[in-house]
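Engineer: Here it is, the structure, as structure tokens.
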Amino acid sequence: MLLYQDVITGDEMLSDAYDMKEIDDIAYEVDCAMIIVKDGEVDIGGNPSAEEAEEALEAGASQINNVVHSFRLQPTTFDKKSYLTYLKGYMKAIKTHLQATNPDRVAKFEKGAQDFAKKIVANFKNFEFYVGESMNPEGMVLLLNYREDGTTPFFTAFKDGLKEEDDEVWQAGWWGPDQDDIKRLRKGKARERGERPELDMDRAGLRRFELEDGREAWVVADGCVYIPRYLTPARQLDLLESALTIYTLPPNPLSISTHYALPPNLFELYASSPRHSIQPLHSMRSKLEPRQERLRSREMRHTVETEPTAVVEYQEIISRIRSRSRLEVEPSERLGPKTVEQLMREIRWANLGWVYQWSTKSYDLTPGTSNPFPEDLAELCWNIVRSVPWMKVFQSHGDDEAGNRTDWKSWTEDYKPDTGIVNFYQLNDTLMGHVDRAELDPSRPLVSISLGHAAVFLLGSSSRLDSPTPIILRSGDVLIISGDARQSYHGVPRIMEGTLPLHFLSSTEDSQPLAAAKKWLATGRININARQVFPPGFERPNCSRST
């Protein structure tokens, strides 16, 4: 990953982790998004769905631009006259910098910058202004504007005002070595991203063991098991097709379901008629139906959440299910029609089984709302869990940091996933650090399966103060997070370009659905994670309010 520093102040301003394109060899445009920050946690970033951007904020939460948040950019203000004064001095400073570092570039910069400045001035009223963390008034001012859809923000920056800085964590490779041992690579040196480097086991502090079927696995942290190459290429292709053709079908909610009138055969249309237009829901609503009437028609929902590391018994679970008034997210009125192909690129998740409410970060337990969990996926995840000799994983008998015992002995028999999220990533997407805490027994395994491009996965601890361990997850790899590791912060800071396995390349023998699935994956990654909401023996809530 490349970071971009202000050549005048040294402030880190941008990164190619975001969708970045060059304009007329004089400027960069960087797409960004609005994210929700709450009590030190950050919701999914990079390019989240419109639903997440429109969610009502909880107490203590705030909404912020992800680039502003990542680089601690500071807002500032200008009128047209003061901005022109600033711009004149700034362009002079950049010219001086180029004369010292790249004199052949000076003439190109002078001509291009003057032409580009005219465009800025002509659209001055559309911009918001941000400076770097140091707030040095002589440094770069980033210009924030919005795309034609009115919802996608983007920054504009003068190309010659930035210099590249290699990210040392990215260069650390598969497992992160100590920071003082990281050596910078020469600029422009090719990076091998598709091969697994040799792993120094003693230094990495990992424990190798064998699964019941003889496969190789590693204990990354207490309760976290990494299984490389678990799925064969053929099984990966089957799961890819299921993820896009089956898991996106109704009644499974999608990240875009709230805002668009989705046809039941969305992926089928993507394969056959990608230019087909889909209308936003707000445009199809009766103008005679006042918003307050719609809100009053929403029903109350039962949601359940647990405290960190809590394993609760039947009666305690029942007492924690409480009625909570939660208004459904309103369809955004700022969205316009989009093609099926555009919407397929904007999908960020599909929800399987019990529905997870993103706005409350808890499960909807309204009677009758549980959707079927795919039987083939449940069987796959169960086979993965029962192949693990858990005694070798929990050598400390499964005690967590608080001294609580993880009851892993029954997992090979009674693990039954009943909910899951299929995460759909584009190459510029990220998943910010978070902890999953909504299951009733939060120590039971979460099974995570990777498809497509490789990703950098960061696994921390229950404290944000501890440095995370970076792991590269490649297509076909499986990660199981259980026990104490379920309370660890984790996230995905980067999808790795150029790492798509050869078996995902198009073939003349592909069926239409598989060909379309491969087309989608050419610029994406899929993560399927499954978990178990209800512990064994738990009786699901029914219509009786006495429970």
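Residue names in the structure tokens use chain letters A, B, ... in the order shown, residue numbers from 1 in each chain, and ligand numbers from 1 in the order shown.
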For segment 92-109 of chain A, list every protein, DNA or RNA residue within 12 Å, evaluated using only C-alpha atoms, and leave out those in the same chain fewer than 2 positions away; present the list as a ChimeraX atom specification.
Structural biologist: /A:6-9,24-27,85-90,111-117,138-140,158-163
Engineer: So, with only C-alpha atoms as the atoms that count, which of A:Ser463, A:Asn136, A:Asn65, A:Ser410 lies closest to Phe154 of chain A?
Structural biologist: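 The answer is A:Asn65, which sits nearest to Phe154 of chain A.
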Engineer: How many Å separate atom CA of Ser443 of chain A from atom CA of Ala485 of chain A?
Structural biologist: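 Computing the Euclidean distance for atom CA of Ser443 of chain A and atom CA of Ala485 of chain A yields 8.0 Å.
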Engineer: Excluding same-chain residues fewer than 6 positions from Thr76 of chain A, what lies within 7 Å of it counting only C-alpha atoms, as an NGL selection string?
Structural biologist: :A and (129-131)
Engineer: Find the spatial neighbours of Ser370 of chain A, counting only C-alpha atoms, within a cut-off of 12 Å - ignore same-chain residues fewer than 4 positions away - and output them as a PDB file with N, CA and C atoms, in the first residue's frame.
Structural biologist:
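File produced: part-v6.pdb:
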```
ATOM      1  N   PRO A 251     -35.429 -14.787   0.636  1.00  0.00           N
ATOM      2  CA  PRO A 251     -35.686 -13.618   1.494  1.00  0.00           C
ATOM      3  C   PRO A 251     -34.445 -13.034   2.159  1.00  0.00           C
ATOM      4  N   ASN A 252     -33.244 -13.437   1.713  1.00  0.00           N
ATOM      5  CA  ASN A 252     -32.033 -12.936   2.355  1.00  0.00           C
ATOM      6  C   ASN A 252     -31.886 -11.434   2.127  1.00  0.00           C
ATOM      7  N   PRO A 253     -31.774 -10.629   3.183  1.00  0.00           N
ATOM      8  CA  PRO A 253     -31.577  -9.183   3.006  1.00  0.00           C
ATOM      9  C   PRO A 253     -30.208  -8.893   2.389  1.00  0.00           C
ATOM     10  N   ASN A 351     -27.297 -11.367   4.101  1.00  0.00           N
ATOM     11  CA  ASN A 351     -27.514 -11.931   5.436  1.00  0.00           C
ATOM     12  C   ASN A 351     -28.200 -13.291   5.310  1.00  0.00           C
ATOM     13  N   LEU A 352     -27.602 -14.322   5.878  1.00  0.00           N
ATOM     14  CA  LEU A 352     -28.162 -15.665   5.860  1.00  0.00           C
ATOM     15  C   LEU A 352     -28.714 -16.018   7.238  1.00  0.00           C
ATOM     16  N   GLY A 353     -29.824 -16.751   7.277  1.00  0.00           N
ATOM     17  CA  GLY A 353     -30.371 -17.196   8.558  1.00  0.00           C
ATOM     18  C   GLY A 353     -30.943 -16.048   9.368  1.00  0.00           C
ATOM     19  N   TRP A 354     -30.715 -16.079  10.690  1.00  0.00           N
ATOM     20  CA  TRP A 354     -31.231 -15.015  11.553  1.00  0.00           C
ATOM     21  C   TRP A 354     -30.687 -13.670  11.110  1.00  0.00           C
ATOM     22  N   VAL A 355     -31.578 -12.679  11.065  1.00  0.00           N
ATOM     23  CA  VAL A 355     -31.233 -11.375  10.498  1.00  0.00           C
ATOM     24  C   VAL A 355     -30.518 -10.513  11.530  1.00  0.00           C
ATOM     25  N   TYR A 356     -29.366 -10.020  11.133  1.00  0.00           N
ATOM     26  CA  TYR A 356     -28.583  -9.124  11.982  1.00  0.00           C
ATOM     27  C   TYR A 356     -28.975  -7.684  11.674  1.00  0.00           C
ATOM     28  N   TYR A 363     -29.441  -9.203  16.898  1.00  0.00           N
ATOM     29  CA  TYR A 363     -30.275 -10.019  16.026  1.00  0.00           C
ATOM     30  C   TYR A 363     -31.756  -9.716  16.215  1.00  0.00           C
ATOM     31  N   ASP A 364     -32.474  -9.765  15.114  1.00  0.00           N
ATOM     32  CA  ASP A 364     -33.917  -9.591  15.130  1.00  0.00           C
ATOM     33  C   ASP A 364     -34.552 -10.939  15.461  1.00  0.00           C
ATOM     34  N   LEU A 365     -35.152 -11.030  16.644  1.00  0.00           N
ATOM     35  CA  LEU A 365     -35.762 -12.279  17.082  1.00  0.00           C
ATOM     36  C   LEU A 365     -37.281 -12.252  16.983  1.00  0.00           C
ATOM     37  N   THR A 366     -37.805 -11.358  16.134  1.00  0.00           N
ATOM     38  CA  THR A 366     -39.249 -11.346  15.923  1.00  0.00           C
ATOM     39  C   THR A 366     -39.696 -12.737  15.468  1.00  0.00           C
ATOM     40  N   ASP A 418     -26.478 -21.020  12.435  1.00  0.00           N
ATOM     41  CA  ASP A 418     -27.837 -20.621  12.077  1.00  0.00           C
ATOM     42  C   ASP A 418     -27.906 -19.185  11.575  1.00  0.00           C
ATOM     43  N   THR A 419     -26.761 -18.548  11.420  1.00  0.00           N
ATOM     44  CA  THR A 419     -26.723 -17.199  10.848  1.00  0.00           C
ATOM     45  C   THR A 419     -25.372 -16.981  10.182  1.00  0.00           C
ATOM     46  N   GLY A 420     -25.329 -16.057   9.270  1.00  0.00           N
ATOM     47  CA  GLY A 420     -24.067 -15.774   8.593  1.00  0.00           C
ATOM     48  C   GLY A 420     -24.160 -14.520   7.750  1.00  0.00           C
ATOM     49  N   VAL A 533     -26.087 -18.467  16.687  1.00  0.00           N
ATOM     50  CA  VAL A 533     -26.717 -17.525  17.612  1.00  0.00           C
ATOM     51  C   VAL A 533     -27.137 -18.234  18.893  1.00  0.00           C
ATOM     52  N   ARG A 540     -35.958 -21.342  20.976  1.00  0.00           N
ATOM     53  CA  ARG A 540     -36.111 -20.045  20.323  1.00  0.00           C
ATOM     54  C   ARG A 540     -37.377 -19.344  20.788  1.00  0.00           C
ATOM     55  N   PRO A 541     -37.353 -18.014  20.865  1.00  0.00           N
ATOM     56  CA  PRO A 541     -38.537 -17.259  21.288  1.00  0.00           C
ATOM     57  C   PRO A 541     -39.715 -17.548  20.363  1.00  0.00           C
ATOM     58  N   ASN A 542     -40.913 -17.626  20.951  1.00  0.00           N
ATOM     59  CA  ASN A 542     -42.115 -17.803  20.140  1.00  0.00           C
ATOM     60  C   ASN A 542     -43.037 -16.616  20.343  1.00  0.00           C
TER      61      ASN A 542
END
```
Engineer: Quick one: everything within 9 Å of Pro228 of chain A, counting only C-alpha atoms, minus sequence neighbours fewer than 6 positions away in the same chain. Send it as a CSV table (one decimal) with C-alpha atoms, in the first residue's frame.
Structural biologist:
```csv
chain,number,residue,atom,x,y,z
A,215,ARG,CA,-4.5,-31.4,6.8
A,216,GLU,CA,-2.1,-28.8,8.2
A,217,ALA,CA,-3.4,-26.1,10.5
A,218,TRP,CA,-2.0,-23.4,12.8
A,473,LEU,CA,-5.9,-14.9,3.7
A,474,ARG,CA,-5.9,-16.4,0.3
A,475,SER,CA,-8.7,-18.0,-1.7
A,476,GLY,CA,-9.7,-21.3,-0.2
A,477,ASP,CA,-8.3,-20.5,3.3
A,478,VAL,CA,-10.4,-21.0,6.4
A,479,LEU,CA,-10.1,-19.1,9.7
```
Engineer: List every residue of segment 4-154 of chain A that DSSP, applied to the backbone of this structure, assigns to helix (DSSP H, G or I), and report them as a ChimeraX atom specification.
Structural biologist: /A:50-54,66-71,80-101,103-122,124-126
Engineer: Let's have the selection written as a PDB file, in the first residue's frame, with C-alpha atoms.
Structural biologist:
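See out.pdb below for the written result:
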```
ATOM      1  CA  ALA A  50     -26.228   3.487   1.118  1.00  0.00           C
ATOM      2  CA  GLU A  51     -28.096   1.787   3.952  1.00  0.00           C
ATOM      3  CA  GLU A  52     -25.154   2.132   6.321  1.00  0.00           C
ATOM      4  CA  ALA A  53     -24.724   5.765   5.369  1.00  0.00           C
ATOM      5  CA  GLU A  54     -28.357   6.517   6.129  1.00  0.00           C
ATOM      6  CA  ASN A  66     -13.382   7.664   6.083  1.00  0.00           C
ATOM      7  CA  VAL A  67     -10.429   9.505   4.506  1.00  0.00           C
ATOM      8  CA  VAL A  68     -10.841  12.375   6.966  1.00  0.00           C
ATOM      9  CA  HIS A  69     -10.946   9.834   9.792  1.00  0.00           C
ATOM     10  CA  SER A  70      -7.941   7.791   8.597  1.00  0.00           C
ATOM     11  CA  PHE A  71      -5.613  10.746   8.033  1.00  0.00           C
ATOM     12  CA  LYS A  80     -13.033  32.811  -3.287  1.00  0.00           C
ATOM     13  CA  LYS A  81     -10.649  35.719  -2.792  1.00  0.00           C
ATOM     14  CA  SER A  82      -8.731  34.140   0.086  1.00  0.00           C
ATOM     15  CA  TYR A  83      -8.531  30.807  -1.740  1.00  0.00           C
ATOM     16  CA  LEU A  84      -7.026  32.466  -4.819  1.00  0.00           C
ATOM     17  CA  THR A  85      -4.445  34.143  -2.592  1.00  0.00           C
ATOM     18  CA  TYR A  86      -3.597  30.791  -1.002  1.00  0.00           C
ATOM     19  CA  LEU A  87      -3.479  29.018  -4.378  1.00  0.00           C
ATOM     20  CA  LYS A  88      -1.047  31.542  -5.837  1.00  0.00           C
ATOM     21  CA  GLY A  89       1.387  31.026  -2.956  1.00  0.00           C
ATOM     22  CA  TYR A  90       0.932  27.255  -2.952  1.00  0.00           C
ATOM     23  CA  MET A  91       1.626  26.869  -6.673  1.00  0.00           C
ATOM     24  CA  LYS A  92       4.768  28.954  -6.255  1.00  0.00           C
ATOM     25  CA  ALA A  93       5.914  26.656  -3.430  1.00  0.00           C
ATOM     26  CA  ILE A  94       5.295  23.532  -5.528  1.00  0.00           C
ATOM     27  CA  LYS A  95       7.201  25.054  -8.445  1.00  0.00           C
ATOM     28  CA  THR A  96      10.168  25.699  -6.139  1.00  0.00           C
ATOM     29  CA  HIS A  97       9.967  22.102  -4.912  1.00  0.00           C
ATOM     30  CA  LEU A  98       9.932  20.754  -8.481  1.00  0.00           C
ATOM     31  CA  GLN A  99      12.862  22.928  -9.525  1.00  0.00           C
ATOM     32  CA  ALA A 100      14.916  21.201  -6.842  1.00  0.00           C
ATOM     33  CA  THR A 101      13.628  17.644  -7.305  1.00  0.00           C
ATOM     34  CA  PRO A 103      13.096  20.317 -13.041  1.00  0.00           C
ATOM     35  CA  ASP A 104      11.813  18.616 -16.211  1.00  0.00           C
ATOM     36  CA  ARG A 105       8.352  18.604 -14.657  1.00  0.00           C
ATOM     37  CA  VAL A 106       8.116  22.367 -13.990  1.00  0.00           C
ATOM     38  CA  ALA A 107       6.713  23.464 -17.361  1.00  0.00           C
ATOM     39  CA  LYS A 108       4.103  20.696 -17.376  1.00  0.00           C
ATOM     40  CA  PHE A 109       3.030  21.622 -13.848  1.00  0.00           C
ATOM     41  CA  GLU A 110       2.734  25.349 -14.570  1.00  0.00           C
ATOM     42  CA  LYS A 111       0.525  24.827 -17.609  1.00  0.00           C
ATOM     43  CA  GLY A 112      -1.597  22.036 -16.143  1.00  0.00           C
ATOM     44  CA  ALA A 113      -2.053  23.652 -12.727  1.00  0.00           C
ATOM     45  CA  GLN A 114      -3.240  26.941 -14.213  1.00  0.00           C
ATOM     46  CA  ASP A 115      -5.822  25.178 -16.373  1.00  0.00           C
ATOM     47  CA  PHE A 116      -6.979  23.030 -13.469  1.00  0.00           C
ATOM     48  CA  ALA A 117      -7.201  26.032 -11.146  1.00  0.00           C
ATOM     49  CA  LYS A 118      -9.686  27.638 -13.542  1.00  0.00           C
ATOM     50  CA  LYS A 119     -11.954  24.594 -13.183  1.00  0.00           C
ATOM     51  CA  ILE A 120     -11.709  24.809  -9.397  1.00  0.00           C
ATOM     52  CA  VAL A 121     -12.649  28.482  -9.351  1.00  0.00           C
ATOM     53  CA  ALA A 122     -15.562  27.890 -11.734  1.00  0.00           C
ATOM     54  CA  PHE A 124     -15.817  26.973  -6.106  1.00  0.00           C
ATOM     55  CA  LYS A 125     -19.194  26.846  -4.333  1.00  0.00           C
ATOM     56  CA  ASN A 126     -19.283  23.031  -4.596  1.00  0.00           C
TER      57      ASN A 126
END
```
Engineer: Can you tell me how far atom CA of Tyr489 of chain A sits from atom CA of Ser255 of chain A, in Å to one decimal?
Structural biologist: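 Between atom CA of Tyr489 of chain A and atom CA of Ser255 of chain A the gap works out to 22.9 Å.
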Engineer: Name the residues in contact with Ser482 of chain A at a cut-off of 12 Å, using only C-alpha atoms, excluding same-chain residues fewer than 3 positions from it; report them as a ChimeraX atom specification.
Structural biologist: /A:219-226,309,385,388,390,393-394,398-400,406-408,411,415,436-437,439,441-448,479,485-488,530-532
Engineer: Check the smallest atom-to-atom distance from each of A:Glu497, A:Glu148, A:Glu341, A:Asp213 to Asp429 of chain A using only C-alpha atoms, then report the winner.
Structural biologist: A:Glu497
